[in-house]
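Student: Can you read through this structure? Questions will come right after.
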Amino acid sequence: MLVIGIDPGLHTGLAVWDTSSRQLLDVRCSGIIDAMRYLRELQETRGIGLVVFEDARKRKWIPREATISEARGRAQGAGSVKRDCAIWEAICRDYRLPFDALPPKAGMTKLSADAFARLTGWATRTSNHARDAAMLVFGR
């Protein structure tokens, strides 16, 4: 069974975990439209057991910013990511895919590429968004 991890945002992270082989099959970053197309392709060709995405609408903690400009930028970004989360929920419902919308967890994201490779065995180059998506599903 495939479990798909999604880190919503301008740069959408997407990871594919195979529960049978217990390994990551893909770790990538793309725009939201390409990510949706890829999700549909996986559903049609391989089948998907679960989609897991980080849902910014469920955030319970707020990171502190050093400046007002940084705070304003984070607020604007957070609004668009919340919108993207609503879109991912709608896509999962439309595609009839089971999904789990998880709240962000402090300290559970933003692994360095080296730490990610050591933990997962994934040696190919990755972005921090792709790594965040992979950490949502790794080991499930």
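In the structure tokens, chains take letters A, B, ... by order of appearance, with residues numbered from 1 within each chain and ligands from 1 in the order shown.
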Check the DSSP output for the backbone and give back, as JSON, numbers by chain, the residues of region 17-55 of chain A in strand (DSSP E or B).

Tutor: {"A": [17, 18, 23, 24, 25, 26, 27, 28, 29, 30, 50, 51, 52, 53, 54]}

Student: Restricting the output to C-alpha atoms, write the selected residues as a PDB file, in the first residue's frame.

Tutor:
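What follows is the written file again.pdb:
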```pdb
ATOM      1  CA  TRP A  17       6.078   5.532   1.229  1.00  0.00           C
ATOM      2  CA  ASP A  18       5.483   1.858   0.345  1.00  0.00           C
ATOM      3  CA  GLN A  23      10.834   2.252   1.876  1.00  0.00           C
ATOM      4  CA  LEU A  24      10.459   5.656   0.321  1.00  0.00           C
ATOM      5  CA  LEU A  25       9.763   5.401  -3.403  1.00  0.00           C
ATOM      6  CA  ASP A  26       9.792   9.112  -4.191  1.00  0.00           C
ATOM      7  CA  VAL A  27      10.655  12.374  -2.445  1.00  0.00           C
ATOM      8  CA  ARG A  28      10.008  15.525  -4.477  1.00  0.00           C
ATOM      9  CA  CYS A  29       8.944  19.149  -4.536  1.00  0.00           C
ATOM     10  CA  SER A  30       6.702  20.800  -7.114  1.00  0.00           C
ATOM     11  CA  LEU A  50      -3.692   7.020   2.728  1.00  0.00           C
ATOM     12  CA  VAL A  51      -2.722  10.650   2.170  1.00  0.00           C
ATOM     13  CA  VAL A  52      -1.143  12.486   5.104  1.00  0.00           C
ATOM     14  CA  PHE A  53      -0.671  16.234   4.995  1.00  0.00           C
ATOM     15  CA  GLU A  54       0.478  18.839   7.454  1.00  0.00           C
TER      16      GLU A  54
END
```

Student: Mind giving me the straight-line distance from CA of Val81 (chain A) to CA of Ala15 (chain A) in Å, one decimal?

Tutor: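 So the answer is 17.9 Å.
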
Student: Please extract the residues of region 23-55 of chain A with a backbone DSSP assignment of alpha helix (DSSP H) and present them as a ChimeraX atom specification.

Tutor: /A:32-45

Student: Tell me which protein, DNA and RNA residues are within 12 Å of region 92-99 of chain A, counting only C-alpha atoms, leaving out same-chain ones fewer than 2 positions away, and put them as a short mmCIF file (atom, residue, chain, number, x, y, z; two decimals) with C-alpha atoms, in the first residue's frame.

Tutor:
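Below you can see part.cif, which holds the result:
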```cif
data_model
loop_
_atom_site.label_atom_id
_atom_site.label_comp_id
_atom_site.auth_asym_id
_atom_site.auth_seq_id
_atom_site.Cartn_x
_atom_site.Cartn_y
_atom_site.Cartn_z
CA LEU A 2 1.20 3.50 -0.77
CA VAL A 3 1.04 6.28 1.81
CA ILE A 4 1.52 9.78 0.43
CA GLY A 5 2.97 12.60 2.50
CA ILE A 6 2.27 16.21 1.50
CA MET A 36 -2.21 17.02 -7.68
CA ARG A 37 -1.58 15.49 -11.11
CA LEU A 39 -1.36 12.15 -6.83
CA ARG A 40 -4.02 11.28 -9.43
CA GLU A 41 -1.47 9.34 -11.50
CA LEU A 42 -0.41 7.31 -8.45
CA GLN A 43 -4.03 6.64 -7.58
CA GLU A 44 -4.78 5.37 -11.08
CA GLY A 47 -3.48 2.80 -5.70
CA ILE A 48 -3.17 4.89 -2.57
CA GLY A 49 -4.06 3.70 0.91
CA LEU A 50 -3.69 7.02 2.73
CA VAL A 51 -2.72 10.65 2.17
CA VAL A 52 -1.14 12.49 5.10
CA PHE A 53 -0.67 16.23 4.99
CA GLU A 54 0.48 18.84 7.45
CA ASP A 55 -2.56 21.02 8.13
CA CYS A 85 -4.60 22.78 3.17
CA ALA A 86 -8.29 23.34 2.44
CA ILE A 87 -7.59 22.55 -1.22
CA TRP A 88 -5.76 19.32 -0.34
CA GLU A 89 -8.65 18.26 1.86
CA ALA A 90 -11.08 18.95 -1.01
CA ALA A 101 -4.65 16.14 8.23
CA LEU A 102 -2.06 16.51 10.98
CA VAL A 137 4.96 9.08 6.26
#
```

Student: If we count only C-alpha atoms, what is near region 112-121 of chain A at a cut-off of 10 Å, once residues fewer than 6 positions away on the same chain are taken out, given as a short mmCIF file (atom, residue, chain, number, x, y, z; two decimals) with all heavy atoms, in the first residue's frame?

Tutor:
```
data_model
loop_
_atom_site.label_atom_id
_atom_site.label_comp_id
_atom_site.auth_asym_id
_atom_site.auth_seq_id
_atom_site.Cartn_x
_atom_site.Cartn_y
_atom_site.Cartn_z
N GLN A 23 9.86 1.30 2.39
CA GLN A 23 10.83 2.25 1.88
C GLN A 23 10.16 3.42 1.17
O GLN A 23 9.03 3.30 0.70
CB GLN A 23 11.81 1.58 0.93
CG GLN A 23 11.18 1.08 -0.36
CD GLN A 23 12.20 0.41 -1.27
OE1 GLN A 23 13.40 0.44 -1.01
NE2 GLN A 23 11.73 -0.20 -2.33
N LEU A 24 10.91 4.51 1.10
CA LEU A 24 10.46 5.66 0.32
C LEU A 24 10.67 5.35 -1.16
O LEU A 24 11.75 4.89 -1.55
CB LEU A 24 11.26 6.91 0.71
CG LEU A 24 10.94 7.50 2.08
CD1 LEU A 24 12.01 8.51 2.48
CD2 LEU A 24 9.56 8.15 2.09
N SER A 127 14.66 18.84 -1.20
CA SER A 127 14.42 20.16 -0.62
C SER A 127 13.88 19.97 0.80
O SER A 127 13.43 18.88 1.16
CB SER A 127 13.39 20.93 -1.46
OG SER A 127 12.10 20.37 -1.28
N ASN A 128 13.89 21.04 1.59
CA ASN A 128 13.35 20.91 2.95
C ASN A 128 11.85 20.59 2.91
O ASN A 128 11.34 19.89 3.78
CB ASN A 128 13.65 22.14 3.80
CG ASN A 128 13.04 23.41 3.27
OD1 ASN A 128 12.69 23.52 2.10
ND2 ASN A 128 12.91 24.41 4.12
N ARG A 131 11.56 16.85 2.22
CA ARG A 131 11.94 16.10 3.43
C ARG A 131 10.83 16.16 4.47
O ARG A 131 10.53 15.16 5.13
CB ARG A 131 13.25 16.64 4.00
CG ARG A 131 14.45 16.38 3.10
CD ARG A 131 15.78 16.70 3.77
NE ARG A 131 15.97 18.10 4.09
CZ ARG A 131 16.51 19.00 3.28
NH1 ARG A 131 16.89 18.65 2.06
NH2 ARG A 131 16.67 20.25 3.66
N ASP A 132 10.19 17.33 4.63
CA ASP A 132 9.08 17.44 5.58
C ASP A 132 7.95 16.50 5.19
O ASP A 132 7.34 15.85 6.06
CB ASP A 132 8.57 18.88 5.64
CG ASP A 132 9.51 19.82 6.37
OD1 ASP A 132 10.51 19.35 6.95
OD2 ASP A 132 9.24 21.05 6.33
N ALA A 134 8.21 13.72 3.52
CA ALA A 134 8.67 12.35 3.76
C ALA A 134 8.57 11.99 5.25
O ALA A 134 8.20 10.86 5.60
CB ALA A 134 10.10 12.18 3.27
N MET A 135 8.89 12.94 6.12
CA MET A 135 8.84 12.65 7.54
C MET A 135 7.41 12.42 8.05
O MET A 135 7.21 11.79 9.09
CB MET A 135 9.52 13.77 8.34
CG MET A 135 11.02 13.85 8.09
SD MET A 135 11.88 12.26 8.19
CE MET A 135 11.59 11.85 9.91
N PHE A 138 7.28 8.49 6.71
CA PHE A 138 8.39 7.56 6.89
C PHE A 138 8.13 6.62 8.06
O PHE A 138 7.79 7.04 9.16
CB PHE A 138 9.70 8.33 7.13
CG PHE A 138 10.89 7.44 7.31
CD1 PHE A 138 11.43 6.76 6.25
CD2 PHE A 138 11.44 7.26 8.57
CE1 PHE A 138 12.52 5.92 6.41
CE2 PHE A 138 12.53 6.44 8.76
CZ PHE A 138 13.08 5.75 7.68
N GLY A 139 8.25 5.33 7.80
CA GLY A 139 8.10 4.31 8.85
C GLY A 139 6.68 3.89 9.16
O GLY A 139 6.46 3.07 10.04
#
```

Student: To one decimal place in Å, what is the distance between CA of Ser80 (chain A) and CA of Gly31 (chain A)?

Tutor: 13.3 Å

Student: So, counting only C-alpha atoms, which residue among A:Lys82, A:Ile91, A:Trp122, A:Ala130 is closest to Lys110 (chain A)?

Tutor: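 Looking at the shortest contact to Lys110 (chain A), the residue is A:Ala130.
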